[in-house]
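So this one's query_14.txt, compact mmCIF, C-alpha atoms:
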```txt
# COMPACT_ATOMS: atom_id res chain seq x y z
CA MET A 1 0.00 0.00 0.00
CA GLN A 2 1.35 3.39 -1.01
CA VAL A 3 0.45 6.54 0.92
CA SER A 4 1.11 10.22 0.29
CA VAL A 5 -0.01 13.20 2.41
CA GLU A 6 -0.59 16.78 1.31
CA THR A 7 -1.45 19.79 3.47
CA THR A 8 -4.11 21.61 1.47
CA SER A 9 -4.88 24.44 3.94
CA GLY A 10 -4.60 24.97 7.70
CA LEU A 11 -5.66 21.76 9.39
CA GLU A 12 -6.91 20.08 6.21
CA ARG A 13 -5.00 17.09 4.90
CA GLN A 14 -5.38 15.12 1.67
CA LEU A 15 -4.37 11.50 1.90
CA THR A 16 -3.83 9.56 -1.34
CA VAL A 17 -3.85 5.79 -0.84
CA THR A 18 -3.00 3.22 -3.51
CA VAL A 19 -3.94 -0.40 -2.82
CA PRO A 20 -2.38 -3.17 -4.96
CA ALA A 21 -4.75 -4.85 -7.42
CA GLU A 22 -3.80 -8.26 -5.98
CA ARG A 23 -5.31 -7.39 -2.61
CA ILE A 24 -8.59 -6.24 -4.16
CA ASP A 25 -8.82 -9.21 -6.57
CA GLN A 26 -8.04 -11.67 -3.81
CA ASP A 27 -10.72 -10.26 -1.51
CA VAL A 28 -13.26 -10.20 -4.36
CA ASN A 29 -12.52 -13.79 -5.37
CA THR A 30 -12.77 -14.95 -1.76
CA ARG A 31 -16.15 -13.25 -1.40
CA VAL A 32 -17.36 -14.70 -4.75
CA GLN A 33 -16.45 -18.22 -3.67
CA GLN A 34 -18.21 -17.75 -0.33
CA THR A 35 -21.31 -16.56 -2.16
CA ALA A 36 -21.16 -19.51 -4.55
CA ARG A 37 -21.36 -21.93 -1.61
CA THR A 38 -24.60 -20.45 -0.31
CA ALA A 39 -26.32 -18.94 -3.37
CA ARG A 40 -29.55 -20.42 -4.69
CA LEU A 41 -30.25 -19.91 -8.39
CA ASP A 42 -32.80 -21.58 -10.63
CA GLY A 43 -31.26 -24.42 -12.62
CA PHE A 44 -28.47 -25.10 -10.14
CA ARG A 45 -28.25 -27.23 -7.03
CA PRO A 46 -27.43 -25.37 -3.80
CA GLY A 47 -23.70 -24.81 -3.53
CA LYS A 48 -23.09 -25.91 -7.14
CA VAL A 49 -23.49 -22.55 -8.89
CA PRO A 50 -20.42 -21.92 -11.08
CA VAL A 51 -18.14 -19.07 -10.00
CA LYS A 52 -18.49 -17.42 -13.42
CA VAL A 53 -22.27 -17.25 -12.97
CA ILE A 54 -21.94 -15.79 -9.47
CA LYS A 55 -19.41 -13.24 -10.69
CA LYS A 56 -21.67 -12.17 -13.55
CA LYS A 57 -24.76 -11.84 -11.36
CA TYR A 58 -23.28 -10.52 -8.13
CA GLY A 59 -19.79 -9.37 -9.08
CA ALA A 60 -20.45 -5.61 -9.13
CA GLY A 61 -22.15 -5.65 -5.74
CA ILE A 62 -19.44 -7.85 -4.22
CA ARG A 63 -16.69 -5.58 -5.53
CA ALA A 64 -18.46 -2.50 -4.10
CA GLU A 65 -18.67 -4.16 -0.67
CA VAL A 66 -15.00 -5.17 -0.82
CA LEU A 67 -13.90 -1.66 -1.82
CA GLU A 68 -15.91 -0.11 1.02
CA GLN A 69 -14.20 -2.41 3.51
CA VAL A 70 -10.78 -1.86 1.95
CA VAL A 71 -11.22 1.94 2.13
CA GLN A 72 -12.08 1.74 5.83
CA GLN A 73 -9.18 -0.59 6.66
CA SER A 74 -6.56 1.10 4.52
CA PHE A 75 -7.54 4.60 5.69
CA TYR A 76 -7.06 3.49 9.29
CA GLU A 77 -3.71 1.88 8.40
CA ALA A 78 -2.60 4.99 6.49
CA VAL A 79 -3.33 7.51 9.28
CA GLN A 80 -1.56 5.22 11.74
CA GLN A 81 1.43 5.00 9.40
CA GLU A 82 1.56 8.78 8.90
CA GLU A 83 0.83 9.50 12.59
CA LEU A 84 -2.20 11.65 11.81
CA MET A 85 -5.16 12.35 14.14
CA PRO A 86 -8.29 12.89 11.99
CA ALA A 87 -10.96 15.21 13.39
CA GLY A 88 -14.31 14.18 11.96
CA THR A 89 -15.30 11.83 9.14
CA PRO A 90 -13.14 12.00 5.99
CA GLY A 91 -14.50 12.76 2.56
CA ILE A 92 -13.63 9.89 0.21
CA GLU A 93 -13.12 10.21 -3.54
CA LEU A 94 -12.40 7.08 -5.63
CA LYS A 95 -9.72 7.79 -8.24
CA THR A 96 -9.13 4.45 -10.01
CA ASP A 97 -11.41 1.46 -9.79
CA LYS A 98 -10.83 -1.04 -12.59
CA GLU A 99 -10.53 -4.79 -12.22
CA GLY A 100 -6.93 -5.88 -12.53
CA GLU A 101 -5.52 -2.40 -11.80
CA ASP A 102 -4.32 -0.84 -8.55
CA PHE A 103 -7.14 0.78 -6.58
CA GLN A 104 -6.65 4.39 -5.52
CA PHE A 105 -8.70 6.79 -3.40
CA VAL A 106 -8.21 10.23 -1.87
CA ALA A 107 -9.36 11.00 1.69
CA THR A 108 -9.79 14.65 2.67
CA PHE A 109 -10.09 15.46 6.36
CA GLU A 110 -8.98 17.80 9.13
CA VAL A 111 -6.54 16.92 11.87
CA TYR A 112 -6.43 18.00 15.49
CA PRO A 113 -4.21 21.05 15.98
CA SER A 114 -0.81 20.72 17.56
CA VAL A 115 -0.89 22.68 20.82
CA GLU A 116 2.01 24.17 22.75
CA LEU A 117 0.53 25.78 25.85
CA ALA A 118 1.44 29.42 26.43
CA ASP A 119 2.69 30.61 29.82
CA TYR A 120 -0.49 31.18 31.87
CA SER A 121 1.27 33.62 34.22
CA ALA A 122 0.26 36.35 31.75
CA ALA A 123 -3.41 35.77 32.61
CA GLU A 124 -5.16 38.33 34.85
CA ILE A 125 -8.12 36.92 36.75
CA THR A 126 -10.64 38.66 39.01
CA LYS A 127 -11.96 36.24 41.61
CA GLN A 128 -15.23 37.41 43.11
CA SER A 129 -16.53 36.57 46.57
CA ALA A 130 -19.91 37.32 48.13
CA GLU A 131 -22.24 36.28 50.93
CA VAL A 132 -25.98 36.13 51.50
CA THR A 133 -26.99 38.95 53.87
CA ASP A 134 -30.17 39.19 55.92
CA ALA A 135 -31.37 41.87 53.49
CA ASP A 136 -30.77 39.49 50.55
CA LEU A 137 -32.74 36.79 52.36
CA GLU A 138 -35.64 39.15 53.07
CA LYS A 139 -35.70 40.29 49.45
CA MET A 140 -35.72 36.69 48.21
CA ILE A 141 -38.60 35.73 50.47
CA ASP A 142 -40.48 38.80 49.25
CA THR A 143 -39.83 37.65 45.66
CA LEU A 144 -41.12 34.16 46.46
CA ARG A 145 -44.27 35.65 47.95
CA LYS A 146 -44.79 37.79 44.85
CA GLN A 147 -44.47 34.69 42.68
CA GLN A 148 -47.39 33.19 44.60
CA ALA A 149 -49.38 36.42 44.76
CA THR A 150 -53.02 36.70 43.77
CA PHE A 151 -54.68 39.74 42.17
CA SER A 152 -58.12 41.23 42.65
CA THR A 153 -59.81 44.01 40.69
CA VAL A 154 -59.92 47.45 42.28
CA ASP A 155 -61.73 50.66 41.31
CA ARG A 156 -58.86 53.13 41.68
CA ALA A 157 -55.82 54.50 39.92
CA ALA A 158 -52.98 52.06 39.23
CA ALA A 159 -49.95 52.21 41.52
CA ASP A 160 -46.57 50.52 41.72
CA GLY A 161 -47.00 46.75 42.23
CA ASP A 162 -50.49 46.72 40.69
CA ARG A 163 -51.28 44.57 37.66
CA VAL A 164 -52.97 46.19 34.68
CA LYS A 165 -54.49 44.53 31.64
CA ILE A 166 -53.84 46.65 28.57
CA ASP A 167 -54.17 46.93 24.80
CA PHE A 168 -51.38 48.89 23.14
CA GLU A 169 -49.88 49.84 19.81
CA GLY A 170 -46.54 51.52 19.13
CA PHE A 171 -45.66 54.07 16.45
CA ILE A 172 -42.36 55.46 15.17
CA ASP A 173 -42.58 58.61 13.04
CA GLY A 174 -46.33 58.07 12.89
CA GLU A 175 -46.02 54.53 11.50
CA ALA A 176 -46.91 51.33 13.41
CA PHE A 177 -43.98 48.90 13.66
CA ASP A 178 -43.77 45.11 13.84
CA GLY A 179 -43.83 43.69 17.35
CA GLY A 180 -45.23 46.90 18.82
CA LYS A 181 -48.84 45.78 19.29
CA GLY A 182 -50.51 43.74 22.00
CA GLU A 183 -54.00 42.98 23.28
CA GLY A 184 -55.11 41.86 26.72
CA MET A 185 -51.54 41.88 28.04
CA GLU A 186 -51.14 41.66 31.81
CA LEU A 187 -48.37 43.86 33.18
CA VAL A 188 -47.18 44.31 36.78
CA LEU A 189 -46.13 47.94 37.22
CA GLY A 190 -42.59 48.23 38.50
CA SER A 191 -41.57 44.79 37.20
CA GLY A 192 -39.24 46.25 34.55
CA THR A 193 -40.81 44.10 31.86
CA MET A 194 -41.26 46.91 29.36
CA ILE A 195 -38.83 49.55 28.10
CA PRO A 196 -38.00 52.48 30.46
CA GLY A 197 -40.86 54.96 30.92
CA PHE A 198 -43.62 52.61 29.77
CA GLU A 199 -44.66 51.26 33.19
CA ASP A 200 -44.08 54.60 34.96
CA GLY A 201 -46.42 56.27 32.48
CA LEU A 202 -49.29 53.96 33.46
CA GLN A 203 -49.14 54.71 37.17
CA GLY A 204 -52.14 56.81 38.06
CA ALA A 205 -54.25 55.47 35.16
CA GLU A 206 -57.69 53.98 35.90
CA ALA A 207 -59.65 51.26 34.10
CA GLY A 208 -61.00 52.61 30.80
CA ALA A 209 -58.30 55.26 30.49
CA GLU A 210 -56.58 55.88 27.16
CA VAL A 211 -52.97 56.90 27.68
CA GLU A 212 -50.31 58.08 25.24
CA LEU A 213 -46.73 57.27 26.25
CA ASN A 214 -43.72 58.97 24.68
CA VAL A 215 -40.73 56.73 25.31
CA THR A 216 -37.35 56.00 23.74
CA PHE A 217 -35.96 52.56 23.01
CA PRO A 218 -32.60 51.92 24.76
CA ASP A 219 -29.43 52.13 22.68
CA ASP A 220 -28.71 48.48 23.50
CA TYR A 221 -32.22 47.24 22.62
CA GLN A 222 -32.21 43.78 21.05
CA ALA A 223 -33.98 44.80 17.82
CA GLU A 224 -31.51 46.67 15.63
CA ASN A 225 -34.19 48.70 13.85
CA LEU A 226 -35.52 50.09 17.15
CA LYS A 227 -32.31 50.98 19.01
CA GLY A 228 -32.36 54.53 20.38
CA LYS A 229 -35.53 55.52 18.54
CA PRO A 230 -38.33 57.61 20.11
CA ALA A 231 -41.75 55.97 19.98
CA LEU A 232 -45.36 56.78 20.82
CA PHE A 233 -47.46 54.04 22.45
CA LYS A 234 -51.25 54.37 22.55
CA VAL A 235 -52.48 52.34 25.51
CA THR A 236 -55.99 51.43 26.68
CA VAL A 237 -56.24 50.23 30.28
CA GLN A 238 -58.86 47.49 30.65
CA THR A 239 -58.52 46.65 34.34
CA VAL A 240 -56.48 47.52 37.43
CA GLU A 241 -55.77 44.79 39.98
CA THR A 242 -54.08 44.99 43.36
CA GLN A 243 -51.49 42.48 44.43
CA GLU A 244 -52.21 40.34 47.51
CA LEU A 245 -49.20 38.56 48.96
CA PRO A 246 -49.67 35.20 50.71
CA GLU A 247 -49.05 34.88 54.44
CA LEU A 248 -45.97 33.01 55.66
CA ASN A 249 -47.96 30.06 56.94
CA GLU A 250 -48.23 26.27 56.64
CA GLU A 251 -49.96 26.44 53.24
CA PHE A 252 -47.24 28.69 51.81
CA PHE A 253 -44.35 26.62 53.25
CA ALA A 254 -45.85 23.41 51.81
CA LYS A 255 -45.50 24.81 48.26
CA PHE A 256 -41.73 24.71 48.75
CA GLY A 257 -41.60 21.29 50.37
CA ILE A 258 -40.99 22.66 53.89
CA THR A 259 -42.47 20.30 56.49
CA GLU A 260 -41.43 22.22 59.60
CA ASN A 261 -44.03 24.97 59.69
CA THR A 262 -42.07 27.87 61.14
CA VAL A 263 -40.76 31.06 59.58
CA GLU A 264 -37.31 30.26 60.97
CA ALA A 265 -37.20 26.84 59.27
CA PHE A 266 -38.33 28.40 55.99
CA GLN A 267 -35.63 31.07 56.26
CA VAL A 268 -32.98 28.41 56.88
CA GLU A 269 -34.04 26.45 53.79
CA VAL A 270 -34.23 29.52 51.57
CA ARG A 271 -30.80 30.72 52.73
CA LYS A 272 -29.37 27.25 52.10
CA ASN A 273 -30.64 27.36 48.52
CA MET A 274 -29.33 30.91 48.06
CA ASP A 275 -25.90 29.87 49.36
CA ARG A 276 -25.86 26.93 46.96
CA GLU A 277 -26.85 29.12 44.02
CA LEU A 278 -24.27 31.75 45.00
CA THR A 279 -21.45 29.21 45.26
CA GLN A 280 -22.33 27.73 41.88
CA SER A 281 -22.57 31.14 40.20
CA LEU A 282 -19.19 32.30 41.54
CA LYS A 283 -17.60 29.02 40.53
CA MET A 284 -18.99 29.13 36.97
CA LYS A 285 -18.01 32.78 36.45
CA LEU A 286 -14.47 32.05 37.64
CA LYS A 287 -14.21 28.97 35.43
CA ASP A 288 -15.49 30.86 32.39
CA GLN A 289 -12.98 33.65 33.02
CA VAL A 290 -10.08 31.21 33.44
CA PHE A 291 -10.99 29.31 30.26
CA SER A 292 -11.54 32.51 28.28
CA GLN A 293 -8.03 33.62 29.23
CA LEU A 294 -6.71 30.18 28.27
CA VAL A 295 -8.23 30.52 24.80
CA ALA A 296 -7.00 34.11 24.43
CA LEU A 297 -3.42 33.11 25.28
CA ASN A 298 -3.44 30.09 22.97
CA GLY A 299 -4.80 31.27 19.65
CA MET A 300 -5.21 28.30 17.32
CA ASP A 301 -7.20 26.93 14.42
CA VAL A 302 -9.97 24.51 15.34
CA PRO A 303 -11.32 21.75 13.09
CA ALA A 304 -14.49 22.87 11.29
CA ALA A 305 -15.94 19.38 11.72
CA LEU A 306 -15.76 19.68 15.50
CA VAL A 307 -17.23 23.19 15.41
CA ASP A 308 -20.13 22.01 13.23
CA GLY A 309 -20.81 19.16 15.63
CA GLU A 310 -20.84 21.56 18.59
CA ILE A 311 -23.14 23.95 16.72
CA ASP A 312 -25.63 21.10 16.30
CA ASN A 313 -25.37 20.32 20.04
CA LEU A 314 -26.10 23.95 20.90
CA ARG A 315 -29.04 24.00 18.48
CA ARG A 316 -30.54 20.92 20.16
CA GLN A 317 -30.04 22.45 23.60
CA ALA A 318 -31.72 25.69 22.48
CA ILE A 319 -34.72 23.86 21.03
CA GLN A 320 -35.08 21.73 24.15
CA GLN A 321 -34.80 24.79 26.41
CA PHE A 322 -37.40 26.87 24.61
CA ALA A 323 -39.73 24.18 23.27
CA GLY A 324 -39.62 21.94 26.34
CA PRO A 325 -38.83 18.22 26.66
CA ASN A 326 -42.32 17.12 25.57
CA ALA A 327 -42.48 19.30 22.45
CA PRO A 328 -42.66 17.64 19.01
CA GLU A 329 -39.27 16.94 17.43
CA MET A 330 -38.05 19.98 15.54
CA ASP A 331 -35.49 20.41 12.78
CA ILE A 332 -32.32 21.91 14.27
CA ASN A 333 -31.59 23.59 10.92
CA MET A 334 -34.41 26.04 11.62
CA LEU A 335 -31.87 27.83 13.84
CA PRO A 336 -29.11 29.58 11.82
CA LYS A 337 -25.59 28.24 12.33
CA GLU A 338 -24.32 31.79 12.73
CA MET A 339 -26.22 32.15 16.02
CA PHE A 340 -23.96 29.58 17.68
CA GLU A 341 -20.72 29.69 15.68
CA GLU A 342 -18.61 31.81 18.07
CA GLN A 343 -19.84 29.93 21.13
CA ALA A 344 -19.15 26.60 19.42
CA LYS A 345 -15.61 27.67 18.44
CA LYS A 346 -14.89 28.68 22.02
CA ARG A 347 -16.24 25.40 23.40
CA VAL A 348 -14.13 23.34 21.00
CA SER A 349 -11.04 25.46 21.78
CA VAL A 350 -11.61 25.10 25.52
CA GLY A 351 -12.08 21.34 25.19
CA LEU A 352 -8.84 20.88 23.25
CA LEU A 353 -6.84 23.16 25.56
CA VAL A 354 -8.21 21.61 28.75
CA GLN A 355 -7.21 18.16 27.49
CA GLU A 356 -3.74 19.51 26.77
CA VAL A 357 -3.44 20.94 30.30
CA ILE A 358 -4.58 17.58 31.73
CA SER A 359 -2.04 15.71 29.62
CA ALA A 360 0.83 18.13 30.23
CA ASN A 361 0.32 18.01 34.01
CA SER A 362 -0.76 14.35 34.32
CA ILE A 363 -3.97 15.36 36.07
CA ALA A 364 -6.37 12.61 37.14
CA ALA A 365 -9.78 13.07 38.73
CA ASP A 366 -9.39 13.21 42.50
CA ASP A 367 -11.59 10.50 44.08
CA ASP A 368 -12.35 12.58 47.18
CA ARG A 369 -13.48 15.53 45.04
CA VAL A 370 -15.62 13.22 42.92
CA ARG A 371 -17.28 11.84 46.05
CA ALA A 372 -17.83 15.36 47.40
CA MET A 373 -19.44 16.53 44.15
CA VAL A 374 -21.74 13.50 44.02
CA GLU A 375 -22.79 14.06 47.63
CA GLU A 376 -23.39 17.76 46.93
CA MET A 377 -25.65 16.88 43.99
CA ALA A 378 -27.43 14.22 46.04
CA GLY A 379 -28.04 16.70 48.88
CA THR A 380 -30.76 18.42 46.86
CA TYR A 381 -32.88 15.23 46.78
CA GLN A 382 -35.10 13.73 49.49
CA GLU A 383 -33.19 10.42 49.49
CA PRO A 384 -29.52 11.41 49.03
CA GLN A 385 -28.09 7.91 49.52
CA GLN A 386 -30.20 6.53 46.65
CA VAL A 387 -28.75 9.19 44.36
CA ILE A 388 -25.19 8.45 45.52
CA ASP A 389 -25.71 4.73 44.92
CA TYR A 390 -27.10 5.50 41.45
CA TYR A 391 -24.02 7.52 40.45
CA TYR A 392 -21.59 4.90 41.72
CA GLY A 393 -23.58 2.12 40.06
CA ASN A 394 -23.61 3.83 36.66
CA GLU A 395 -20.17 4.21 35.07
CA GLU A 396 -21.31 6.62 32.34
CA THR A 397 -22.99 8.97 34.81
CA LEU A 398 -20.05 8.83 37.21
CA ASN A 399 -17.66 9.65 34.35
CA GLN A 400 -19.65 12.84 33.71
CA VAL A 401 -18.97 13.89 37.30
CA LYS A 402 -15.28 12.95 36.94
CA ASN A 403 -15.04 15.20 33.87
CA LEU A 404 -16.49 18.10 35.86
CA VAL A 405 -13.98 17.48 38.64
CA LEU A 406 -11.16 17.37 36.08
CA GLU A 407 -12.26 20.79 34.81
CA ASP A 408 -12.19 22.12 38.38
CA GLN A 409 -8.69 20.72 38.86
CA VAL A 410 -7.56 22.35 35.61
CA VAL A 411 -8.94 25.68 36.88
CA ASP A 412 -6.94 25.24 40.11
CA GLN A 413 -3.80 24.38 38.11
CA LEU A 414 -4.12 27.50 35.95
CA LEU A 415 -5.04 29.83 38.82
CA ALA A 416 -1.86 28.79 40.64
CA SER A 417 0.21 30.61 38.01
CA ALA A 418 -2.17 33.47 37.09
CA LYS A 419 -2.31 37.01 38.46
CA VAL A 420 -5.42 36.81 40.67
CA THR A 421 -7.22 39.82 42.12
CA GLU A 422 -9.83 39.32 44.85
CA GLU A 423 -13.08 41.31 44.60
CA ASN A 424 -15.97 41.32 47.06
CA VAL A 425 -19.36 41.90 45.42
CA SER A 426 -23.01 41.88 46.45
CA TYR A 427 -25.18 38.78 46.22
CA GLU A 428 -27.11 40.27 43.28
CA ASP A 429 -23.95 41.20 41.38
CA ALA A 430 -22.50 37.76 41.98
CA LEU A 431 -25.54 36.17 40.35
CA LYS A 432 -25.43 38.43 37.31
CA PRO A 433 -23.92 36.69 34.25
CA ALA A 434 -20.53 37.93 33.12
CA PRO A 435 -20.70 40.48 30.27
CA GLN A 436 -20.72 38.80 26.86
CA PRO A 437 -19.59 40.19 23.51
CA GLU A 438 -22.43 41.67 21.48
CA ALA A 439 -24.09 39.13 19.22
CA ASP A 440 -24.11 39.67 15.48
CA VAL A 441 -27.57 38.18 15.11
CA GLU A 442 -30.65 40.31 15.74
CA GLU A 443 -33.00 39.11 18.41
CA GLY A 444 -36.78 39.42 18.75
CA GLU A 445 -38.60 42.69 18.44
CA ASP A 446 -41.15 42.68 21.26
CA ALA A 447 -41.59 46.01 22.98
```
Just give me the structure of the file as structure tokens.
Amino acid sequence: MQVSVETTSGLERQLTVTVPAERIDQDVNTRVQQTARTARLDGFRPGKVPVKVIKKKYGAGIRAEVLEQVVQQSFYEAVQQEELMPAGTPGIELKTDKEGEDFQFVATFEVYPSVELADYSAAEITKQSAEVTDADLEKMIDTLRKQQATFSTVDRAAADGDRVKIDFEGFIDGEAFDGGKGEGMELVLGSGTMIPGFEDGLQGAEAGAEVELNVTFPDDYQAENLKGKPALFKVTVQTVETQELPELNEEFFAKFGITENTVEAFQVEVRKNMDRELTQSLKMKLKDQVFSQLVALNGMDVPAALVDGEIDNLRRQAIQQFAGPNAPEMDINMLPKEMFEEQAKKRVSVGLLVQEVISANSIAADDDRVRAMVEEMAGTYQEPQQVIDYYYGNEETLNQVKNLVLEDQVVDQLLASAKVTEENVSYEDALKPAPQPEADVEEGEDA
């Protein structure tokens, strides 16, 4: 077998493989003889069909099967011989395919990039810390009460916290615009749901009132065609309803699975959940920052095949998130690739670089940290031990936890050499997502 390799561009390689005719002919003849022993044809006894007849009737199909197998085997042998690491499935083009002549094909594929890790001491990391204060706890409980609030109609002017049902239509330069109209929409004043000035302008309005609101869309509004533009909204108020918060009692506690019917027990449980959420948020923001710096310091090409695969994963996740697990199956191609391309490239880059850090530092998942993470996950369930037993009885699921622990250990490894600045922030700021680069794709246009 003869093999030649050509670098066509970047990570793309073109592998030309020539297989001797003898190997092909031998495999074809062997397969023909095997078929002759089992074939059943009219006019011939089983197993007595002449080879010439078999070759004439089945020869083309047999040769196609042999060539498919030869391509698979010889491609594997060739990449091993040339010490190549293909990323994704190769494209195969048959060059010569004539009986009695050497068989030749060309495989085009990408390879994994060669990575030499940059010195991570150039990285500058801001490590945030925060704690849940009594004021944060009180605000969270107030939020939980508002989520369970009921509303009743009142015959008075709307005030902050009231819910109004409205019809509205928006105009820019006297023309109605797409996405600027709604009917029967329920809006809690002060919720910040609408653009600045909209909700404030409805305070003091009574049922039946027709209100004109002059507002301006924010400069960072998601719809490109509306950014920074002044608009007039004509609003009709149908009803005004006052908000009634539930009492902190047994009925309210039961909605959150609290069996000990005291305010103190409820506060303890809520704070525990807030602490858990805070810890996770700080950890994820730190990890994202560390990995972003890792990518920035190690600029490299990434295989398009891996990026395309990650784009498809992100598309599926997006559909599942917005459509729900019980929604009918949807075509992932309905979501443009461009929406996820940058995120996919970063994920692939992070994955390759993290593996390189693991390899370069001989990092293995720490068993104690794996156990601690499993127990932490199990702690959110009513029967923690059952969850722990499930993880340790399921190798695939346990490996997912080990991979998470490996990522954490990589973060620790990188932080040890980075320039780290400590920053104390509020609970609310700690939960805010880190700023992301502006997307190139326009989002929805609801007011």
Inset, instruction - Write out as a PyMOL selection string the residues lying within 10 Å of Ser417 in chain A, counting only C-alpha atoms and excluding same-chain residues fewer than 2 positions away. - result: chain A and resi 119-124+412-415+419-420
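The space between CA of Met85 in chain A and CA of Val111 in chain A spans 5.3 Å.
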Legend entry - Of the listed residues A:Asp331, A:Glu183, A:Glu407, A:Glu244, that which approaches Asp288 in chain A most closely, counting all atoms listed in the file: A:Glu407
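The space between CA of Ile311 in chain A and CA of Gly179 in chain A spans 28.6 Å.
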Inset, instruction - For range 351-362 of chain A, please output as a list in words all residues within 7 Å (counting only C-alpha atoms; exclusion window: fewer than 3 positions along the same chain). - result: Arg347, Val348 and Val410 of chain A
Would you output that residue set with C-alpha atoms, as a short mmCIF file (atom, residue, chain, number, x, y, z; two decimals), keeping the file's coordinate frame?
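Here's the written file again29.cif:
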```cif
data_model
loop_
_atom_site.label_atom_id
_atom_site.label_comp_id
_atom_site.auth_asym_id
_atom_site.auth_seq_id
_atom_site.Cartn_x
_atom_site.Cartn_y
_atom_site.Cartn_z
CA ARG A 347 -16.24 25.40 23.40
CA VAL A 348 -14.13 23.34 21.00
CA VAL A 410 -7.56 22.35 35.61
#
```
Inset, instruction - Kindly give the distance, in Å, that separates CA of Gln238 in chain A and CA of Glu206 in chain A, rounded to a single decimal. - result: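 Here the two named atoms are 8.4 Å from each other.
The smallest atom-to-atom distance between Lys234 in chain A and any of A:Asp25, A:Asp155, A:Glu138, A:Glu169, using only C-alpha atoms, is found for A:Glu169.
Each of A:Pro218, A:Gly309, A:Gly59, A:Pro113 was checked against Thr30 in chain A using all atoms listed in the file; the smallest atom-to-atom distance is that of A:Gly59.
Distances to Glu116 in chain A were evaluated for A:Asp366, A:Tyr221, A:Leu297, A:Gly197 using only C-alpha atoms, and the minimum falls at A:Leu297.
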List every residue of range 203-309 of chain A that has an atom at most 7 Å from any atom of range 144-149 of chain A, giving for each one its closest atom pair and the distance in Å to one decimal, counting only C-alpha atoms, sorted by chain and then by ascending residue number, as CSV.
```
residue,atom,partner,partner_atom,distance
A:Gln243,CA,A:Ala149,CA,6.4
A:Glu244,CA,A:Ala149,CA,5.6
A:Leu245,CA,A:Ala149,CA,4.7
A:Pro246,CA,A:Ala149,CA,6.1
```
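Residue nearest Val350 in chain A within the list A:Ser191, A:Asp389, A:Ser292, A:Ala64: A:Ser292 [criterion: smallest interatomic distance, all atoms listed in the file].
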